[in-house]
Amino acid sequence: MLGATQPGSGCYNGPDVIVTWCIGHLLEAAPPERYGEEFKRWSLEHLPIVPNPWRLEVKRSTAMQFKAVQRLLGTAAEVVIATDADREGEMIAREVLEACGYRGPLFRLWLSALNDASIRSALAALKPGYLTKPLYDAALARSRADWLVGMNLTRLFTLLGRRAGLSSVLSVGRVQTPTLQIVVDRDRAIAFFRPIPYWVIDVQLAAVGENAGAPFRARWIAPEGAVDEAGRCIREASAQAAAQAFHRAALAQVSAVKTERVREPPPLPFDLTTLQAECSARFGVDVDETLQLAQGLYERHKAITYPRTDSGYLPTSMLAEVPAMLNALVATDPPIRPIIDTLDRSLRSRAWDDSRVGAHHGMIPTTEPADISRFSEKERLVYQLIRGRLLAQFLPAHEYDRTVAQLTCSGERLEATGKQVRSVGWRSLLREQPAADVDDGAVTPNQVLPPLASGTRCAVIAAYLKPLKTHAPKPYTQGELIKAMKGVARLVSDPKLKKTLHDTTGIGTEATRASIIQGLIRRGYLKKSGRTVRASDMALMLIDVLPAAIRDPATTAVWEQALERIADGGMTLEAFVEHQARWVTELVCTHSAVALNVPGTEGSSSPARDLHSRPRR
């Protein structure tokens, strides 16, 4: 495409163009000992370590490629960055440019897919380099914050642990520690859970007279004084009395009926977190493996668009590509043609929304055929999920009538719920299971009610009193944990912070969450148990000795919002790193003179509130 076909030293040459590469990060942050020999020994008196200026080192494993890039930059008339189109990709390229002192013209190739058509389109619309510079600042801010927290607080709490008789390294991380807190909270909720007994009554009824029809079931609505906050009857005597009343009764009467049409639009195309959660739930595939499978479909097979996306929406400009995309799907997998022929290409679902598309759009197939015979079995499964979500956008909504009938019987209240599908729509393709409307399977949520109206009389056929107990929450699967990391705002209890955080505020990024979980497993803080992950004894100990300000997911979530502001140009790299340095310094000063078991160490100021209150620049 560029004509760079002649192999060179760490590059390919062509007429007026040279293509080279980075093999991931060619540079890495210098460790503490590079800032002074004294830092080789872990000592409280040397903390905090706050680099000024910051140093990068060439990675030994890729030193030859760095030298090749450095040599090429020395003679380059202009440079086009073509790394992954995200903040980490921006950092990979720009840290090399900075280290090599390149100051010439700079452009950015912004790709959402690696098929030929997408590459040609992107090459014809290169961005000026200054437009994506804020992404580099955000990535650099993330890297430096991770260094400050990880290097200083790991040393601090490991040294304090040694005073308390602990021999292991207590690894602390800006994202890994609050992620661990999420799992520990769930595990402890399970461990300390005490079931609460409650009672339900299901009554089998049949309409009489001209509205007669098949029997249906209704559930008893317990009186207000007998229920808990969730509406469950916790007084056995009340339930027993109601059950006896139903056994004696011959008739119930409908007091009110309400029917509403429910319209379910097709689910959005996948973002990475949603894909990882789906593959975890359906196939038991680890989140890191799902990322690798999607990355293979993107890079090797060129079958899907950029996978490390945080958006499920699509730009309206891509509507023009739909015919080519559908034709490519048939060429890739001919047996799918009958499904393609049923699609309504004129439909425009909620997925097509320019205002909801960020740096990247939802994952979809590309506009060029792929060789599906070269896919592994797992790659095929992931591809089919991604393909199905796109095709669903051109099928009608799933529609059904939901009817709720209120009844009275012997002075007691009953409620019956019915569902009648009016249009299967996209569910004919994806066949996803609808969420149950009633807990514990006591009432069939998909029953079809007979024609009912106010005043309709129903014969009481039978009543079933069921003693039940509340259930403990389930351990996190990797997919559920990664969803919790993305939507961590929902776990925040502090009302002020909850108001501050968006519902979609997460910790980590689409590209890093899987590696965070794998890192916790590798370090022994998380243990895999079947499809679930549980906190180890070492993790419980670590969480117990760390102050709340370090392990609080809300703290890291606000930091992530700050990184987004840097990427948007609303906050400076320097301001963010300065804040992180002050906070780490405060923690070191507060805790370096105390033992780990001294209560009250969680009294440090909240970095989340301080950072969020900083005015936009």
# chains A, B, ... in the order shown; residues from 1 in each chain; ligands from 1

$ residues_around --residues "A:Leu72" --least-positions-apart "3" --cutoff "12 Å" --atoms "only C-alpha atoms" --output "PyMOL selection string"
chain A and resi 8-13+17-21+65-69+75-79+96-97+100+102

$ select_by_dssp --residues "stretch 431-581 of chain A" --states "strand (DSSP E)" --output "list of chain:residue names"
A:Arg457, A:Cys458, A:Ala459, A:Val460, A:Ile461, A:Ala462, A:Ala463, A:Tyr464, A:Leu465, A:Lys466, A:Pro467, A:Leu468, A:Lys469, A:Leu526, A:Lys527, A:Lys528, A:Ser529, A:Thr532, A:Val533, A:Arg534, A:Ala535

$ atom_distance --atom1 "atom CA of A:Lys127" --atom2 "atom CA of A:Phe107"
5.6 Å

$ select_by_dssp --residues "stretch 119-333 of chain A" --states "helix (DSSP H, G or I)" --output "JSON, numbers by chain"
{"A": [119, 120, 121, 122, 123, 129, 130, 131, 132, 133, 134, 135, 136, 137, 138, 139, 140, 141, 142, 143, 144, 145, 146, 147, 148, 149, 150, 151, 152, 153, 154, 155, 156, 157, 158, 159, 160, 161, 162, 163, 176, 177, 178, 179, 180, 181, 182, 183, 184, 185, 186, 187, 188, 189, 190, 191, 209, 210, 211, 224, 225, 226, 236, 237, 238, 239, 240, 241, 242, 243, 244, 245, 246, 247, 248, 272, 273, 274, 275, 276, 277, 278, 279, 280, 281, 282, 283, 287, 288, 289, 290, 291, 292, 293, 294, 295, 296, 297, 298, 299, 316, 317, 318, 319, 320, 321, 322, 323, 324, 325, 326, 327, 328, 329, 330, 331, 332]}

$ closest_residue --among "A:Gly411, A:Pro197, A:Gly89, A:Pro323" --to "A:Ala252" --atoms "only C-alpha atoms"
A:Gly411

$ residues_around --residues "stretch 38-51 of chain A" --least-positions-apart "5" --cutoff "7 Å" --atoms "only C-alpha atoms" --output "PDB file with N, CA and C atoms, in the first residue's frame"
ATOM      1  N   PRO A  32      13.646   3.190  41.109  1.00  0.00           N
ATOM      2  CA  PRO A  32      14.158   4.151  42.090  1.00  0.00           C
ATOM      3  C   PRO A  32      15.676   4.223  42.159  1.00  0.00           C
ATOM      4  N   GLU A  33      16.368   3.088  42.053  1.00  0.00           N
ATOM      5  CA  GLU A  33      17.828   3.099  42.212  1.00  0.00           C
ATOM      6  C   GLU A  33      18.534   3.909  41.131  1.00  0.00           C
ATOM      7  N   LEU A 148       4.476   6.560  41.251  1.00  0.00           N
ATOM      8  CA  LEU A 148       4.510   7.187  42.575  1.00  0.00           C
ATOM      9  C   LEU A 148       3.801   6.323  43.618  1.00  0.00           C
ATOM     10  N   ASN A 152       6.433   3.905  45.964  1.00  0.00           N
ATOM     11  CA  ASN A 152       6.504   4.436  47.323  1.00  0.00           C
ATOM     12  C   ASN A 152       5.669   3.640  48.317  1.00  0.00           C
ATOM     13  N   ARG A 155       6.890   0.008  49.007  1.00  0.00           N
ATOM     14  CA  ARG A 155       8.025   0.031  49.940  1.00  0.00           C
ATOM     15  C   ARG A 155       7.563   0.405  51.346  1.00  0.00           C
ATOM     16  N   LEU A 156       6.706   1.408  51.444  1.00  0.00           N
ATOM     17  CA  LEU A 156       6.252   1.864  52.756  1.00  0.00           C
ATOM     18  C   LEU A 156       5.587   0.734  53.536  1.00  0.00           C
ATOM     19  N   ALA A 581       1.926  13.485  43.821  1.00  0.00           N
ATOM     20  CA  ALA A 581       3.143  13.534  44.636  1.00  0.00           C
ATOM     21  C   ALA A 581       2.842  14.050  46.036  1.00  0.00           C
ATOM     22  N   THR A 585       3.252  11.846  49.432  1.00  0.00           N
ATOM     23  CA  THR A 585       4.101  12.393  50.491  1.00  0.00           C
ATOM     24  C   THR A 585       3.345  12.445  51.813  1.00  0.00           C
ATOM     25  N   VAL A 588       3.036   8.919  53.256  1.00  0.00           N
ATOM     26  CA  VAL A 588       4.313   8.454  53.801  1.00  0.00           C
ATOM     27  C   VAL A 588       4.572   9.103  55.153  1.00  0.00           C
ATOM     28  N   SER A 592       4.636   6.444  58.169  1.00  0.00           N
ATOM     29  CA  SER A 592       5.982   5.883  58.299  1.00  0.00           C
ATOM     30  C   SER A 592       6.407   5.703  59.747  1.00  0.00           C
TER      31      SER A 592
END

$ residues_around --residues "stretch 387-400 of chain A" --least-positions-apart "4" --cutoff "9 Å" --atoms "only C-alpha atoms" --output "ChimeraX atom specification"
/A:260-270,304,326,329,339-340,342-351,363-365,382-383,419-430

$ residues_around --residues "A:Arg356" --least-positions-apart "3" --cutoff "12 Å" --atoms "only C-alpha atoms" --output "ChimeraX atom specification"
/A:268,310-316,350-353,359-362

$ atom_distance --atom1 "atom CA of A:Asp202" --atom2 "atom CA of A:Ala218"
5.7 Å

$ residues_around --residues "A:Arg232" --least-positions-apart "3" --cutoff "9 Å" --atoms "only C-alpha atoms" --output "VMD selection string"
chain A and resid 198 to 200 221 to 222 226 to 229

$ write_last_selection --atoms "N, CA and C atoms" --output "mmCIF file, in the first residue's frame"
data_model
loop_
_atom_site.group_PDB
_atom_site.id
_atom_site.type_symbol
_atom_site.label_atom_id
_atom_site.label_comp_id
_atom_site.auth_asym_id
_atom_site.auth_seq_id
_atom_site.Cartn_x
_atom_site.Cartn_y
_atom_site.Cartn_z
ATOM 1 N N TYR A 198 -38.147 -16.092 54.765
ATOM 2 C CA TYR A 198 -39.346 -15.347 54.375
ATOM 3 C C TYR A 198 -40.301 -16.319 53.692
ATOM 4 N N TRP A 199 -41.519 -15.884 53.471
ATOM 5 C CA TRP A 199 -42.564 -16.772 52.967
ATOM 6 C C TRP A 199 -43.280 -16.132 51.782
ATOM 7 N N VAL A 200 -43.578 -16.951 50.791
ATOM 8 C CA VAL A 200 -44.383 -16.500 49.658
ATOM 9 C C VAL A 200 -45.570 -17.444 49.505
ATOM 10 N N ILE A 221 -49.625 -10.515 47.993
ATOM 11 C CA ILE A 221 -48.969 -9.268 48.385
ATOM 12 C C ILE A 221 -49.155 -9.115 49.892
ATOM 13 N N ALA A 222 -48.106 -9.338 50.655
ATOM 14 C CA ALA A 222 -48.205 -9.302 52.119
ATOM 15 C C ALA A 222 -48.473 -7.886 52.600
ATOM 16 N N ALA A 226 -45.842 -6.668 57.654
ATOM 17 C CA ALA A 226 -45.248 -8.011 57.696
ATOM 18 C C ALA A 226 -44.064 -8.166 56.744
ATOM 19 N N VAL A 227 -43.647 -7.081 56.083
ATOM 20 C CA VAL A 227 -42.623 -7.209 55.045
ATOM 21 C C VAL A 227 -41.365 -6.431 55.424
ATOM 22 N N ASP A 228 -40.244 -6.828 54.796
ATOM 23 C CA ASP A 228 -39.000 -6.088 54.966
ATOM 24 C C ASP A 228 -38.883 -5.025 53.870
ATOM 25 N N GLU A 229 -37.726 -4.397 53.758
ATOM 26 C CA GLU A 229 -37.550 -3.319 52.780
ATOM 27 C C GLU A 229 -37.705 -3.808 51.351
#

$ atom_distance --atom1 "atom CA of A:Val183" --atom2 "atom CA of A:Ala535"
6.3 Å

$ closest_atom_pairs --of "stretch 275-386 of chain A" --to "stretch 522-531 of chain A" --cutoff "12 Å" --atoms "only C-alpha atoms" --output "tab-separated table"
residue	atom	partner	partner_atom	distance
A:Ala277	CA	A:Arg531	CA	11.7
A:Cys279	CA	A:Arg531	CA	11.3
A:Ser280	CA	A:Arg531	CA	7.8
A:Ala281	CA	A:Arg531	CA	8.6
A:Arg282	CA	A:Arg531	CA	10.7
A:Phe283	CA	A:Arg531	CA	9.7
A:Gly284	CA	A:Arg531	CA	6.1
A:Val285	CA	A:Arg531	CA	8.3
A:Asp286	CA	A:Arg531	CA	8.2
A:Val287	CA	A:Arg531	CA	10.9

$ residues_around --residues "A:Gly173" --least-positions-apart "5" --cutoff "8 Å" --atoms "only C-alpha atoms" --output "list in words"
Asp146, Val149, Gly150 and Thr154 of chain A

$ write_last_selection --atoms "C-alpha atoms" --output "compact mmCIF listing (two decimals), in the first residue's frame"
# COMPACT_ATOMS: atom_id res chain seq x y z
CA ASP A 146 1.25 4.46 38.96
CA VAL A 149 1.86 5.00 44.20
CA GLY A 150 3.41 1.64 43.38
CA THR A 154 4.77 -0.83 48.18
